[in-house]
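Dumped run_34.txt below, it's compact mmCIF, C-alpha atoms and all ligand atoms:
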```txt
# COMPACT_ATOMS: atom_id res chain seq x y z
CA MET A 1 -68.17 -21.17 -60.01
CA GLN A 2 -71.66 -20.15 -61.12
CA ASN A 3 -72.97 -16.92 -62.53
CA SER A 4 -76.50 -15.77 -62.05
CA SER A 5 -77.79 -17.80 -64.95
CA GLY A 6 -76.27 -20.91 -63.50
CA ASN A 7 -73.40 -21.16 -66.01
CA THR A 8 -69.83 -21.82 -65.05
CA SER A 9 -67.73 -18.67 -65.15
CA HIS A 10 -63.96 -18.46 -65.47
CA ASN A 11 -61.84 -16.04 -63.57
CA ALA A 12 -58.36 -17.25 -64.41
CA PRO A 13 -56.58 -17.56 -67.77
CA ILE A 14 -56.44 -21.20 -68.80
CA SER A 15 -54.38 -23.15 -71.31
CA ASN A 16 -55.82 -24.28 -74.66
CA LEU A 17 -55.78 -27.83 -73.44
CA SER A 18 -57.71 -27.11 -70.28
CA ALA A 19 -59.99 -24.69 -72.17
CA GLY A 20 -60.82 -27.53 -74.56
CA LEU A 21 -61.42 -29.92 -71.71
CA ARG A 22 -63.51 -27.37 -69.94
CA ASN A 23 -65.66 -26.68 -73.00
CA GLN A 24 -66.19 -30.39 -73.40
CA GLN A 25 -67.03 -30.63 -69.72
CA GLN A 26 -69.48 -27.74 -69.98
CA GLN A 27 -71.28 -29.28 -72.94
CA GLN A 28 -71.38 -32.57 -71.09
CA GLN A 29 -72.68 -30.81 -67.98
CA GLN A 30 -75.46 -29.12 -69.94
CA LEU A 31 -76.48 -32.52 -71.34
CA ASN A 32 -76.17 -34.03 -67.90
CA HIS A 33 -78.27 -31.39 -66.23
CA SER A 34 -81.18 -32.08 -68.50
CA SER A 35 -80.89 -35.81 -67.92
CA ILE A 36 -79.81 -35.81 -64.27
CA GLN A 37 -83.36 -35.84 -63.07
CA ASN A 38 -84.20 -38.94 -65.16
CA GLN A 39 -80.91 -40.56 -64.23
CA TYR A 40 -81.56 -40.06 -60.52
CA GLU A 41 -85.08 -41.28 -60.85
CA GLN A 42 -83.85 -44.44 -62.58
CA GLU A 43 -81.02 -45.05 -60.11
CA THR A 44 -82.92 -44.36 -56.94
CA ASN A 45 -86.30 -45.51 -58.12
CA GLN A 46 -87.68 -42.36 -56.53
CA LYS A 47 -89.65 -39.68 -58.33
CA LEU A 48 -88.57 -36.11 -57.93
CA ASP A 49 -91.48 -33.98 -56.93
CA SER A 50 -92.26 -31.64 -59.86
CA ASP A 51 -93.29 -28.82 -57.48
CA SER A 52 -89.82 -29.01 -55.95
CA VAL A 53 -88.16 -28.81 -59.32
CA THR A 54 -90.21 -25.75 -60.18
CA ARG A 55 -89.62 -24.09 -56.82
CA LEU A 56 -85.85 -24.46 -57.08
CA LYS A 57 -85.74 -23.64 -60.77
CA GLN A 58 -87.56 -20.41 -60.02
CA PHE A 59 -85.27 -19.62 -57.14
CA PHE A 60 -82.07 -20.16 -59.10
CA GLN A 61 -83.32 -18.53 -62.29
CA ASN A 62 -84.89 -15.48 -60.67
CA ASP A 63 -82.23 -15.05 -58.06
CA SER A 64 -80.93 -11.76 -59.41
CA PRO A 65 -77.46 -10.88 -58.17
CA THR A 66 -77.99 -8.46 -55.32
CA ASN A 67 -74.30 -7.63 -55.02
CA GLU A 68 -74.49 -8.20 -51.32
CA GLY A 69 -74.96 -10.92 -48.79
CA TYR A 70 -75.11 -14.65 -48.98
CA THR A 71 -77.71 -17.34 -49.56
CA LEU A 72 -77.27 -20.43 -47.41
CA ILE A 73 -78.88 -23.56 -48.80
CA SER A 74 -79.69 -25.85 -45.94
CA HIS A 75 -82.30 -28.11 -44.38
CA ARG A 76 -84.43 -27.46 -41.32
CA SER A 77 -82.62 -30.06 -39.21
CA ALA A 78 -79.19 -30.36 -40.84
CA PRO A 79 -76.35 -29.89 -38.36
CA ASN A 80 -73.94 -29.18 -41.24
CA GLY A 81 -76.21 -26.37 -42.42
CA PHE A 82 -76.53 -24.78 -38.98
CA LYS A 83 -72.73 -25.03 -38.69
CA ILE A 84 -72.48 -22.49 -41.54
CA ALA A 85 -75.28 -20.33 -40.11
CA ILE A 86 -73.18 -20.09 -36.92
CA ILE A 87 -70.05 -19.01 -38.79
CA LEU A 88 -71.97 -16.45 -40.89
CA SER A 89 -73.57 -15.11 -37.75
CA GLU A 90 -70.26 -14.96 -35.83
CA LEU A 91 -68.74 -13.03 -38.73
CA ASN A 92 -71.70 -10.65 -38.81
CA TYR A 93 -72.59 -11.46 -42.39
CA ASN A 94 -76.11 -10.93 -43.73
CA PHE A 95 -77.58 -14.02 -45.23
CA SER A 96 -80.86 -15.51 -46.25
CA THR A 97 -81.60 -19.21 -46.07
CA ILE A 98 -83.36 -21.52 -48.45
CA LEU A 99 -84.37 -24.80 -46.84
CA LEU A 100 -84.51 -27.85 -49.08
CA ASP A 101 -87.12 -30.51 -48.53
CA PHE A 102 -85.28 -33.85 -48.53
CA ASN A 103 -88.55 -35.80 -48.56
CA LYS A 104 -89.33 -34.25 -51.93
CA GLY A 105 -85.81 -34.97 -53.20
CA GLU A 106 -84.95 -31.27 -53.64
CA GLN A 107 -81.27 -32.00 -52.98
CA ARG A 108 -81.23 -34.06 -56.17
CA THR A 109 -82.76 -31.51 -58.53
CA PRO A 110 -80.57 -30.43 -61.44
CA GLU A 111 -80.77 -26.84 -60.18
CA PHE A 112 -79.24 -27.75 -56.84
CA LEU A 113 -76.73 -30.19 -58.36
CA ALA A 114 -75.45 -27.29 -60.46
CA ILE A 115 -74.62 -25.59 -57.14
CA ASN A 116 -73.39 -28.69 -55.30
CA PRO A 117 -72.62 -31.72 -57.50
CA ASN A 118 -72.60 -33.85 -54.33
CA GLY A 119 -76.31 -33.15 -53.67
CA ARG A 120 -75.88 -32.40 -49.97
CA VAL A 121 -76.39 -29.33 -47.82
CA PRO A 122 -74.91 -26.92 -46.97
CA ALA A 123 -74.08 -24.89 -50.02
CA LEU A 124 -73.45 -21.17 -50.01
CA ILE A 125 -73.94 -18.55 -52.68
CA ASP A 126 -71.93 -15.35 -52.36
CA HIS A 127 -73.75 -12.51 -54.15
CA SER A 128 -71.09 -9.91 -53.52
CA CYS A 129 -68.64 -10.79 -56.28
CA GLN A 130 -69.16 -8.16 -58.97
CA ASP A 131 -70.09 -9.86 -62.23
CA GLN A 132 -70.24 -13.45 -61.15
CA GLN A 133 -72.07 -15.47 -58.59
CA VAL A 134 -69.85 -17.74 -56.51
CA SER A 135 -71.17 -20.95 -55.04
CA ILE A 136 -69.30 -23.07 -52.53
CA TRP A 137 -70.10 -26.51 -51.11
CA GLU A 138 -68.69 -28.77 -48.37
CA SER A 139 -69.00 -27.21 -44.94
CA GLY A 140 -65.22 -27.07 -44.30
CA ALA A 141 -64.59 -25.32 -47.61
CA ILE A 142 -67.40 -22.85 -46.93
CA ILE A 143 -65.99 -22.00 -43.49
CA LEU A 144 -62.51 -21.38 -44.91
CA TYR A 145 -63.98 -19.27 -47.73
CA LEU A 146 -65.79 -17.07 -45.20
CA VAL A 147 -62.69 -16.67 -43.04
CA ASN A 148 -60.62 -15.71 -46.08
CA LYS A 149 -63.29 -13.28 -47.21
CA LYS A 150 -63.27 -11.61 -43.78
CA LEU A 151 -59.48 -11.40 -43.81
CA LYS A 152 -59.55 -9.83 -47.26
CA GLU A 153 -62.24 -7.32 -46.29
CA GLU A 154 -61.09 -6.35 -42.81
CA GLY A 155 -57.52 -7.62 -42.44
CA SER A 156 -58.42 -9.73 -39.41
CA CYS A 157 -60.90 -12.35 -38.39
CA LEU A 158 -61.86 -12.89 -34.75
CA ILE A 159 -62.55 -16.62 -35.05
CA TRP A 160 -59.24 -17.35 -36.81
CA SER A 161 -55.64 -16.84 -35.70
CA ASP A 162 -52.82 -14.83 -37.21
CA ASN A 163 -50.26 -17.26 -35.81
CA ILE A 164 -49.21 -19.87 -38.38
CA ILE A 165 -48.79 -22.66 -35.79
CA GLU A 166 -52.26 -21.98 -34.40
CA GLN A 167 -53.63 -21.86 -37.94
CA SER A 168 -52.29 -25.37 -38.59
CA GLN A 169 -53.91 -26.60 -35.36
CA ILE A 170 -57.23 -24.96 -36.27
CA LEU A 171 -57.11 -26.70 -39.65
CA SER A 172 -56.37 -30.07 -38.03
CA TRP A 173 -59.46 -29.76 -35.82
CA LEU A 174 -61.61 -28.51 -38.71
CA PHE A 175 -60.58 -31.43 -40.95
CA PHE A 176 -61.03 -33.85 -38.05
CA GLN A 177 -64.55 -32.49 -37.54
CA THR A 178 -65.58 -32.74 -41.18
CA SER A 179 -63.97 -36.12 -41.89
CA GLY A 180 -64.05 -37.95 -38.55
CA HIS A 181 -66.71 -36.42 -36.35
CA SER A 182 -69.84 -35.59 -38.34
CA PRO A 183 -69.64 -38.56 -40.75
CA MET A 184 -69.42 -41.05 -37.86
CA ILE A 185 -72.40 -39.48 -36.08
CA GLY A 186 -74.27 -39.37 -39.39
CA GLN A 187 -73.64 -43.10 -39.97
CA ALA A 188 -74.55 -43.99 -36.38
CA LEU A 189 -77.87 -42.11 -36.77
CA HIS A 190 -78.48 -43.76 -40.11
CA PHE A 191 -77.96 -47.32 -38.84
CA LYS A 192 -79.89 -46.68 -35.65
CA TYR A 193 -82.93 -45.00 -37.18
CA PHE A 194 -83.10 -45.19 -40.96
CA HIS A 195 -81.40 -48.30 -42.36
CA SER A 196 -83.74 -50.75 -44.07
CA THR A 197 -82.62 -53.72 -41.95
CA SER A 198 -81.28 -53.90 -38.42
CA VAL A 199 -77.47 -54.21 -38.39
CA PRO A 200 -76.44 -54.12 -34.71
CA SER A 201 -72.71 -54.51 -35.51
CA ALA A 202 -72.82 -51.37 -37.70
CA ILE A 203 -74.65 -49.42 -34.99
CA ASP A 204 -72.03 -50.51 -32.43
CA ARG A 205 -69.13 -49.80 -34.75
CA TYR A 206 -70.23 -46.21 -35.46
CA ILE A 207 -71.29 -45.39 -31.91
CA ASP A 208 -67.94 -46.73 -30.61
CA GLU A 209 -66.15 -44.58 -33.14
CA VAL A 210 -68.13 -41.50 -32.07
CA ARG A 211 -67.16 -42.23 -28.46
CA ARG A 212 -63.50 -42.56 -29.50
CA VAL A 213 -63.69 -39.19 -31.28
CA TYR A 214 -65.23 -37.54 -28.19
CA GLY A 215 -62.43 -39.12 -26.14
CA VAL A 216 -59.91 -37.25 -28.31
CA LEU A 217 -61.76 -33.96 -27.77
CA GLU A 218 -62.18 -34.58 -24.04
CA MET A 219 -58.47 -35.21 -23.61
CA ALA A 220 -57.48 -32.12 -25.60
CA LEU A 221 -59.85 -29.87 -23.64
CA ALA A 222 -58.82 -31.38 -20.29
CA GLU A 223 -55.17 -30.68 -21.14
CA ARG A 224 -56.03 -27.10 -22.02
CA ARG A 225 -57.90 -26.75 -18.73
CA GLU A 226 -54.99 -28.14 -16.74
CA ALA A 227 -52.59 -25.72 -18.45
CA ILE A 228 -54.91 -22.77 -17.74
CA ILE A 229 -55.36 -23.71 -14.09
CA MET A 230 -51.62 -24.13 -13.60
CA GLU A 231 -51.02 -20.73 -15.18
CA MET A 232 -53.88 -18.73 -13.65
CA ASP A 233 -54.13 -20.41 -10.28
CA ALA A 234 -50.37 -20.25 -9.70
CA GLU A 235 -50.54 -20.13 -5.89
CA ASN A 236 -52.13 -23.60 -5.81
CA ALA A 237 -50.21 -25.09 -8.74
CA ALA A 238 -47.78 -27.10 -6.56
CA SER A 239 -50.65 -28.67 -4.67
CA TYR A 240 -52.45 -29.59 -7.91
CA SER A 241 -49.34 -31.18 -9.44
CA ALA A 242 -48.58 -33.11 -6.23
CA GLY A 243 -52.12 -34.49 -6.38
CA LEU A 244 -52.96 -33.00 -2.96
CA THR A 245 -55.80 -30.84 -4.31
CA PRO A 246 -58.05 -32.00 -7.17
CA LEU A 247 -58.18 -29.66 -10.15
CA SER A 248 -61.96 -29.54 -9.72
CA GLU A 249 -61.43 -27.35 -6.66
CA SER A 250 -59.81 -24.61 -8.69
CA ARG A 251 -61.90 -21.50 -9.27
CA TYR A 252 -60.91 -21.87 -12.94
CA PHE A 253 -62.51 -25.29 -13.26
CA GLU A 254 -65.52 -23.87 -15.12
CA TYR A 255 -63.50 -21.24 -17.00
CA PRO A 256 -64.02 -21.54 -20.79
CA VAL A 257 -61.27 -23.42 -22.60
CA TRP A 258 -60.84 -23.58 -26.37
CA LEU A 259 -59.15 -26.10 -28.64
CA VAL A 260 -56.61 -23.62 -30.01
CA GLY A 261 -55.20 -20.57 -28.26
CA ASP A 262 -57.15 -18.55 -25.73
CA LYS A 263 -60.28 -17.66 -27.72
CA VAL A 264 -63.03 -19.39 -29.60
CA THR A 265 -62.16 -20.13 -33.23
CA ILE A 266 -63.68 -22.05 -36.12
CA ALA A 267 -61.92 -25.11 -34.62
CA ASP A 268 -64.45 -25.04 -31.76
CA LEU A 269 -67.50 -23.65 -33.54
CA CYS A 270 -67.54 -26.35 -36.22
CA PHE A 271 -68.41 -28.99 -33.59
CA VAL A 272 -71.35 -27.30 -31.83
CA THR A 273 -74.32 -28.43 -33.88
CA TRP A 274 -73.30 -32.09 -33.85
CA ASN A 275 -72.72 -32.10 -30.09
CA TYR A 276 -76.35 -31.14 -29.91
CA VAL A 277 -77.59 -34.40 -31.51
CA VAL A 278 -75.43 -37.18 -30.02
CA ASP A 279 -77.94 -37.89 -27.25
CA ARG A 280 -79.97 -39.52 -30.04
CA ILE A 281 -77.34 -42.26 -30.29
CA GLY A 282 -77.26 -42.71 -26.53
CA ILE A 283 -74.22 -40.57 -25.72
CA ASP A 284 -74.61 -38.43 -22.62
CA LEU A 285 -72.00 -35.70 -23.00
CA LYS A 286 -72.51 -34.34 -19.50
CA ALA A 287 -71.84 -37.70 -17.84
CA GLU A 288 -69.31 -39.17 -20.23
CA PHE A 289 -67.37 -36.18 -21.57
CA PRO A 290 -67.72 -33.34 -19.04
CA GLU A 291 -65.17 -31.03 -20.67
CA VAL A 292 -66.91 -31.40 -24.04
CA TYR A 293 -70.20 -30.64 -22.29
CA LYS A 294 -68.87 -27.45 -20.64
CA TRP A 295 -67.20 -26.37 -23.89
CA THR A 296 -70.47 -26.85 -25.83
CA LYS A 297 -72.42 -24.95 -23.19
CA HIS A 298 -70.05 -21.98 -23.43
CA MET A 299 -70.51 -21.89 -27.20
CA MET A 300 -74.28 -22.27 -26.98
CA ARG A 301 -74.42 -19.11 -24.85
CA ARG A 302 -72.79 -16.96 -27.52
CA PRO A 303 -75.27 -14.46 -28.99
CA ALA A 304 -74.22 -15.27 -32.57
CA VAL A 305 -74.72 -18.99 -31.96
CA ILE A 306 -78.15 -18.38 -30.39
CA ARG A 307 -79.13 -16.19 -33.36
CA ALA A 308 -78.01 -18.83 -35.86
CA LEU A 309 -79.74 -21.72 -34.10
CA LYS A 310 -82.96 -19.73 -33.78
CA GLY A 311 -82.74 -18.91 -37.46
CA SER A 312 -82.94 -15.19 -36.76
N1 LIG A 401 -69.22 -33.47 -46.08
C1 LIG A 401 -70.43 -32.72 -46.23
C2 LIG A 401 -71.59 -33.49 -45.65
C3 LIG A 401 -72.92 -32.87 -45.99
C4 LIG A 401 -74.11 -33.75 -45.57
O1 LIG A 401 -73.99 -34.97 -45.44
N2 LIG A 401 -75.25 -33.10 -45.39
C5 LIG A 401 -76.47 -33.79 -45.03
C6 LIG A 401 -77.24 -32.96 -44.01
S1 LIG A 401 -76.35 -32.66 -42.51
C7 LIG A 401 -77.35 -33.93 -46.28
O2 LIG A 401 -77.37 -33.05 -47.11
N3 LIG A 401 -78.09 -35.03 -46.42
C8 LIG A 401 -79.02 -35.19 -47.50
C9 LIG A 401 -78.97 -36.53 -48.13
O3 LIG A 401 -78.28 -37.41 -47.60
O4 LIG A 401 -79.61 -36.72 -49.18
C10 LIG A 401 -70.25 -31.34 -45.55
O5 LIG A 401 -69.56 -31.27 -44.52
O6 LIG A 401 -70.78 -30.35 -46.07
```
Could you write out this file's structure as structure tokens?
Ligand SMILES: N[C@@H](CCC(=O)N[C@@H](CS)C(=O)NCC(=O)O)C(=O)O
Amino acid sequence: MQNSSGNTSHNAPISNLSAGLRNQQQQQQQLNHSSIQNQYEQETNQKLDSDSVTRLKQFFQNDSPTNEGYTLISHRSAPNGFKIAIILSELNYNFSTILLDFNKGEQRTPEFLAINPNGRVPALIDHSCQDQQVSIWESGAIILYLVNKKLKEEGSCLIWSDNIIEQSQILSWLFFQTSGHSPMIGQALHFKYFHSTSVPSAIDRYIDEVRRVYGVLEMALAERREAIIMEMDAENAASYSAGLTPLSESRYFEYPVWLVGDKVTIADLCFVTWNYVVDRIGIDLKAEFPEVYKWTKHMMRRPAVIRALKGS
């Protein structure tokens, strides 16, 4: 956790042993921060742009705690960053955004590494915690932080569930998204567009894996649709189950379905921004995964999602 001056702050009593370790770690971190820039430059053979360092240094040093709102650190075309903008927007939280410039290496500046040691966006700063500034990184962790914050503030959260079974299902989808969905698309994009040499087997491997992941989503959504049609279109249910009438003839065939329960939750919303980019690896959601396509369309029409994607 970071306070406004960028130092680690403690909020729980700790044992002498861990206090010692932590002090050591802090000293080490301070040393590291001053040498991280050189270290990165040596390892990556890439110079950090000094304007970038100054810009971020100024931002983090002058960023006086406002006691309200959030700062989202993102990139202008990062699906993981927009994922958090969507959740903030759905939860009606005020936030400002700082966009890093990856070409200038801003994600590797010591100032940003003090916020996210992994040097990736998104990261979120919560300014509302009294005497300390809290920073969170990893999109899944940020989403859960925001849900917990909402629950603490208002006792309920519309894009979460108060049923423990549903909560476990939401978490399964969220973890599946952050560990199995976005990384595979990210790797497929990397090998298709950015890798230094052409490796067709790697491109195939990752695109196949993305297709497999969409197959899992398609099946889950199709099962939800079938259950909804059987329940809501009861007068035709016998005909559907006997295979006499195709499900596509039901008036509930376009009805929105969600991964968990009967409303949109973080389980659904965490996928949206990546669904948006898979055409770049040759996947046509509309033709290949029609339920995923309809599901994405329903989410893209939500005012909070539109606001977040427009950056307003
Ligand atoms: N597991 C991380 C992944 C974050 C990530 O890979 N972010 C990309 C943008 S979508 C990034 O920062 N890339 C910059 C880089 O690779 O240097 C999360 O879910 O937050």
Axis-aligned box for all listed atoms of ligand LIG 401 (chain A), 8 Å per side, centre and edges in Å to one decimal, as AutoDock Vina command-line options:
```
--center_x -74.4 --center_y -33.9 --center_z -45.8 --size_x 26.4 --size_y 23.1 --size_z 22.7
```
(message) Within 6 Å of ligand LIG 401 (chain A) (counting only C-alpha atoms and all ligand atoms), which residues show up? I'd like them as a PyMOL selection string.
(response) chain A and resi 78-80+120-122+138-139+178
Please determine the residues with any atom at most 9 Å from (-72.3, -40.6, -34.8) (coordinates as given in the file, with all atoms listed in the file counting) and report them as a PDB file with C-alpha atoms, in the coordinates of the input.
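Generated file (result.pdb):
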```
ATOM      1  CA  HIS A 181     -66.710 -36.420 -36.350  1.00  0.00           C
ATOM      2  CA  SER A 182     -69.840 -35.590 -38.340  1.00  0.00           C
ATOM      3  CA  PRO A 183     -69.640 -38.560 -40.750  1.00  0.00           C
ATOM      4  CA  MET A 184     -69.420 -41.050 -37.860  1.00  0.00           C
ATOM      5  CA  ILE A 185     -72.400 -39.480 -36.080  1.00  0.00           C
ATOM      6  CA  GLY A 186     -74.270 -39.370 -39.390  1.00  0.00           C
ATOM      7  CA  GLN A 187     -73.640 -43.100 -39.970  1.00  0.00           C
ATOM      8  CA  ALA A 188     -74.550 -43.990 -36.380  1.00  0.00           C
ATOM      9  CA  LEU A 189     -77.870 -42.110 -36.770  1.00  0.00           C
ATOM     10  CA  HIS A 190     -78.480 -43.760 -40.110  1.00  0.00           C
ATOM     11  CA  TYR A 206     -70.230 -46.210 -35.460  1.00  0.00           C
ATOM     12  CA  ILE A 207     -71.290 -45.390 -31.910  1.00  0.00           C
ATOM     13  CA  ASP A 208     -67.940 -46.730 -30.610  1.00  0.00           C
ATOM     14  CA  GLU A 209     -66.150 -44.580 -33.140  1.00  0.00           C
ATOM     15  CA  VAL A 210     -68.130 -41.500 -32.070  1.00  0.00           C
ATOM     16  CA  ARG A 211     -67.160 -42.230 -28.460  1.00  0.00           C
ATOM     17  CA  TRP A 274     -73.300 -32.090 -33.850  1.00  0.00           C
ATOM     18  CA  VAL A 277     -77.590 -34.400 -31.510  1.00  0.00           C
ATOM     19  CA  VAL A 278     -75.430 -37.180 -30.020  1.00  0.00           C
ATOM     20  CA  ILE A 281     -77.340 -42.260 -30.290  1.00  0.00           C
TER      21      ILE A 281
END
```
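Note that CA of Ile228 (chain A) and CA of Val264 (chain A) are 14.8 Å apart.
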(request) Kindly indicate which residue among A:Leu91, A:His127, A:Trp137, A:Ser179 lies nearest to Leu151 (chain A), using only C-alpha atoms for the distances. (result)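 Looking at the shortest contact to Leu151 (chain A), the residue is A:Leu91.
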(request) Please provide as an NGL selection string all residues within 12 Å of Arg302 (chain A), with the sequence filter that same-chain residues fewer than 6 positions apart are discarded (counting only C-alpha atoms). (result) :A and (86-87 or 89-90 or 256 or 264 or 269 or 272 or 295-296 or 308-309)
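In terms of minimum interatomic distance to Gln177 (chain A), A:Ile266 ranks closest within A:Cys157, A:Val147, A:Ile266, A:Leu124, counting only C-alpha atoms.
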(message) Measuring between only C-alpha atoms, which one of A:Leu247, A:Leu171, A:Ile115, A:Ile283 shows the shortest distance to Gly140 (chain A)?
(response)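 Among A:Leu247, A:Leu171, A:Ile115, A:Ile283, it is A:Leu171 that comes nearest to Gly140 (chain A).
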